[in-house]
Structure formats: C-alpha cells, structure tokens
Amino acid sequence: MKTNHQRSFRAATHRKKPGAAFHRTSVLSDVSISAMADFDFTNGNRGMAKSVRGAKKFVNSRFRHHENAATRRLAAEGPGEARD
C-alpha cells in the first residue's frame with residue numbers, strides 16, 4: 001500500500017488545552033463575560049477542540065449581544081441626552 005509520508009513518521013500531538021479560559025469586558029455595556037473549557041473530553045482531541053471552540057463562541061456571542069443592546073439603548077435615548 002502506498003502512503004503519503006516517510007517511514008517512521010510521527011505526527012505532532014495536539015496541544016492539550018483543558019481549562020482554557022476566555023474573558024472579555026465591555027466598556028460600552030459595562031458587562032464582563034467569561035467561560036472556560038471543561039476538563040471532560042469524551043472524544044479525544046476532537047472533544048477538546050469542540051469544548052474550547054464552544055467556550056470561545058459563547059463569550060464572543062454574549063459580548064456581541066450586550067454590545068448591540070447597549071448601542072440600541074444609546075440610539076433610543078436621543079442625541080441630546082447622551083452628551084451629559
């Protein structure tokens with residue numbers, strides 16, 4: 001059988017990232033959001049990668065939600081009231 005790599009080739013192992021924490025603080029909406037990838041990886045490296053990606057996605061989506069809500073509130077106030 002033909003292979004696409006040299007003999008005795010060993011691929012580098014994936015970086016282990018249990019407990020990877022992500023944090024963002026919004027100045028506009030005065031909110032602090034954080035999430036952490038858990039330590040329970042049920043499907044090997046793929047489970048770890050999905051857990052980290054999910055934590056990152058949660059933080060980014062919640063941050064974007066609060067920023068958009070604060071922007072809508074500021075726009076609803078009107079131009080005169082925001083300059084206090």
# chains A, B, ... in the order shown; residues from 1 in each chain; ligands from 1
>>> residues_around(residues="range 6-23 of chain A", least_positions_apart="3", cutoff="9 Å", atoms="only C-alpha atoms", output="tab-separated table (two decimals) with N, CA, C and O atoms, in the first residue's frame")
chain	number	residue	atom	x	y	z
A	3	THR	N	1.81	5.05	0.87
A	3	THR	CA	1.48	6.03	1.90
A	3	THR	C	2.03	7.39	1.50
A	3	THR	O	2.92	7.49	0.67
A	32	SER	N	-19.04	42.03	32.01
A	32	SER	CA	-17.86	41.18	31.94
A	32	SER	C	-18.32	39.75	31.72
A	32	SER	O	-19.14	39.23	32.48
A	33	ILE	N	-17.81	39.09	30.66
A	33	ILE	CA	-18.26	37.76	30.29
A	33	ILE	C	-17.05	36.83	30.25
A	33	ILE	O	-16.01	37.18	29.71
A	34	SER	N	-17.21	35.64	30.83
A	34	SER	CA	-16.12	34.67	30.80
A	34	SER	C	-16.68	33.27	30.69
A	34	SER	O	-17.81	33.00	31.10
A	35	ALA	N	-15.88	32.37	30.13
A	35	ALA	CA	-16.24	30.95	30.02
A	35	ALA	C	-14.97	30.14	30.02
A	35	ALA	O	-13.90	30.64	29.66
A	36	MET	N	-15.10	28.88	30.41
A	36	MET	CA	-13.93	28.01	30.50
A	36	MET	C	-14.26	26.66	29.86
A	36	MET	O	-15.36	26.15	30.03
A	37	ALA	N	-13.31	26.13	29.11
A	37	ALA	CA	-13.46	24.78	28.55
A	37	ALA	C	-13.31	23.78	29.70
A	37	ALA	O	-12.36	23.87	30.48
A	38	ASP	N	-14.23	22.86	29.79
A	38	ASP	CA	-14.19	21.93	30.90
A	38	ASP	C	-13.08	20.89	30.74
A	38	ASP	O	-12.36	20.87	29.76
A	39	PHE	N	-12.96	20.02	31.71
A	39	PHE	CA	-11.89	19.02	31.72
A	39	PHE	C	-12.39	17.65	31.28
A	39	PHE	O	-11.64	16.69	31.33
A	40	ASP	N	-13.63	17.55	30.86
A	40	ASP	CA	-14.22	16.27	30.49
A	40	ASP	C	-14.28	16.15	28.98
A	40	ASP	O	-15.22	16.60	28.34
A	41	PHE	N	-13.25	15.55	28.37
A	41	PHE	CA	-13.20	15.38	26.93
A	41	PHE	C	-13.55	13.94	26.61
A	41	PHE	O	-12.77	13.03	26.87
A	45	ASN	N	-9.04	14.26	21.12
A	45	ASN	CA	-8.66	15.61	20.75
A	45	ASN	C	-9.82	16.40	20.15
A	45	ASN	O	-9.93	17.59	20.33
A	48	MET	N	-11.82	17.90	22.89
A	48	MET	CA	-11.14	19.06	23.47
A	48	MET	C	-11.32	20.27	22.57
A	48	MET	O	-11.65	21.36	23.03
A	49	ALA	N	-11.11	20.09	21.28
A	49	ALA	CA	-11.21	21.20	20.35
A	49	ALA	C	-12.62	21.77	20.33
A	49	ALA	O	-12.81	23.00	20.31
A	51	SER	N	-14.82	21.65	22.74
A	51	SER	CA	-15.08	22.29	24.02
A	51	SER	C	-14.48	23.69	24.06
A	51	SER	O	-15.12	24.65	24.50
A	52	VAL	N	-13.25	23.83	23.58
A	52	VAL	CA	-12.58	25.13	23.55
A	52	VAL	C	-13.31	26.07	22.60
A	52	VAL	O	-13.56	27.22	22.90
A	55	ALA	N	-16.58	27.35	24.16
A	55	ALA	CA	-16.39	28.39	25.18
A	55	ALA	C	-16.08	29.73	24.53
A	55	ALA	O	-16.61	30.77	24.92
A	56	LYS	N	-15.23	29.70	23.50
A	56	LYS	CA	-14.87	30.92	22.80
A	56	LYS	C	-16.09	31.52	22.09
A	56	LYS	O	-16.32	32.73	22.13
A	59	VAL	N	-18.51	33.23	24.62
A	59	VAL	CA	-18.04	34.54	25.06
A	59	VAL	C	-18.24	35.58	23.97
A	59	VAL	O	-18.75	36.68	24.23
>>> closest_residue(among="A:Asn4, A:Lys50, A:Thr42, A:Ser29", to="Arg64 in chain A", atoms="only C-alpha atoms")
A:Ser29
>>> select_by_dssp(residues="range 7-75 of chain A", states="helix (DSSP H, G or I)", output="MDAnalysis selection string")
chainID A and resid 44:75
>>> write_last_selection(atoms="C-alpha atoms", output="PDB file, in the first residue's frame")
ATOM      1  CA  GLY A  44     -10.194  12.595  22.438  1.00  0.00           C
ATOM      2  CA  ASN A  45      -8.657  15.614  20.747  1.00  0.00           C
ATOM      3  CA  ARG A  46     -11.831  16.403  18.838  1.00  0.00           C
ATOM      4  CA  GLY A  47     -13.744  16.670  22.108  1.00  0.00           C
ATOM      5  CA  MET A  48     -11.138  19.057  23.469  1.00  0.00           C
ATOM      6  CA  ALA A  49     -11.211  21.204  20.348  1.00  0.00           C
ATOM      7  CA  LYS A  50     -15.005  21.396  20.340  1.00  0.00           C
ATOM      8  CA  SER A  51     -15.083  22.289  24.017  1.00  0.00           C
ATOM      9  CA  VAL A  52     -12.584  25.129  23.552  1.00  0.00           C
ATOM     10  CA  ARG A  53     -14.373  26.376  20.453  1.00  0.00           C
ATOM     11  CA  GLY A  54     -17.723  26.328  22.274  1.00  0.00           C
ATOM     12  CA  ALA A  55     -16.388  28.385  25.184  1.00  0.00           C
ATOM     13  CA  LYS A  56     -14.865  30.917  22.795  1.00  0.00           C
ATOM     14  CA  LYS A  57     -18.067  31.097  20.754  1.00  0.00           C
ATOM     15  CA  PHE A  58     -20.172  31.613  23.894  1.00  0.00           C
ATOM     16  CA  VAL A  59     -18.036  34.540  25.065  1.00  0.00           C
ATOM     17  CA  ASN A  60     -17.996  36.212  21.651  1.00  0.00           C
ATOM     18  CA  SER A  61     -21.736  35.835  21.040  1.00  0.00           C
ATOM     19  CA  ARG A  62     -22.715  37.100  24.518  1.00  0.00           C
ATOM     20  CA  PHE A  63     -20.297  40.023  24.170  1.00  0.00           C
ATOM     21  CA  ARG A  64     -21.771  40.931  20.793  1.00  0.00           C
ATOM     22  CA  HIS A  65     -25.332  40.646  22.189  1.00  0.00           C
ATOM     23  CA  HIS A  66     -24.638  43.040  25.077  1.00  0.00           C
ATOM     24  CA  GLU A  67     -22.777  45.498  22.843  1.00  0.00           C
ATOM     25  CA  ASN A  68     -25.667  45.578  20.362  1.00  0.00           C
ATOM     26  CA  ALA A  69     -28.221  46.045  23.147  1.00  0.00           C
ATOM     27  CA  ALA A  70     -26.236  48.934  24.634  1.00  0.00           C
ATOM     28  CA  THR A  71     -25.916  50.544  21.206  1.00  0.00           C
ATOM     29  CA  ARG A  72     -29.687  50.286  20.693  1.00  0.00           C
ATOM     30  CA  ARG A  73     -30.307  51.840  24.115  1.00  0.00           C
ATOM     31  CA  LEU A  74     -27.981  54.752  23.327  1.00  0.00           C
ATOM     32  CA  ALA A  75     -29.676  55.311  19.959  1.00  0.00           C
TER      33      ALA A  75
END
>>> select_by_dssp(residues="chain A", states="strand (DSSP E or B)", output="tab-separated table (two decimals) with N, CA and C atoms, in the first residue's frame")
chain	number	residue	atom	x	y	z
A	21	ALA	N	-9.48	29.33	29.46
A	21	ALA	CA	-10.47	30.34	29.87
A	21	ALA	C	-10.44	31.51	28.90
A	22	PHE	N	-11.63	32.02	28.61
A	22	PHE	CA	-11.79	33.17	27.73
A	22	PHE	C	-12.59	34.22	28.46
A	23	HIS	N	-12.17	35.48	28.32
A	23	HIS	CA	-12.78	36.57	29.08
A	23	HIS	C	-12.79	37.83	28.24
A	24	ARG	N	-13.90	38.55	28.24
A	24	ARG	CA	-13.98	39.84	27.57
A	24	ARG	C	-14.78	40.79	28.44
A	25	THR	N	-14.35	42.05	28.49
A	25	THR	CA	-15.03	43.08	29.25
A	25	THR	C	-15.46	44.18	28.31
A	26	SER	N	-16.73	44.52	28.38
A	26	SER	CA	-17.28	45.54	27.51
A	26	SER	C	-17.36	46.87	28.25
A	31	VAL	N	-20.33	45.18	31.01
A	31	VAL	CA	-20.56	43.77	31.28
A	31	VAL	C	-19.24	43.02	31.14
A	32	SER	N	-19.04	42.03	32.01
A	32	SER	CA	-17.86	41.18	31.94
A	32	SER	C	-18.32	39.75	31.72
A	33	ILE	N	-17.81	39.09	30.66
A	33	ILE	CA	-18.26	37.76	30.29
A	33	ILE	C	-17.05	36.83	30.25
A	34	SER	N	-17.21	35.64	30.83
A	34	SER	CA	-16.12	34.67	30.80
A	34	SER	C	-16.68	33.27	30.69
A	35	ALA	N	-15.88	32.37	30.13
A	35	ALA	CA	-16.24	30.95	30.02
A	35	ALA	C	-14.97	30.14	30.02
A	36	MET	N	-15.10	28.88	30.41
A	36	MET	CA	-13.93	28.01	30.50
A	36	MET	C	-14.26	26.66	29.86
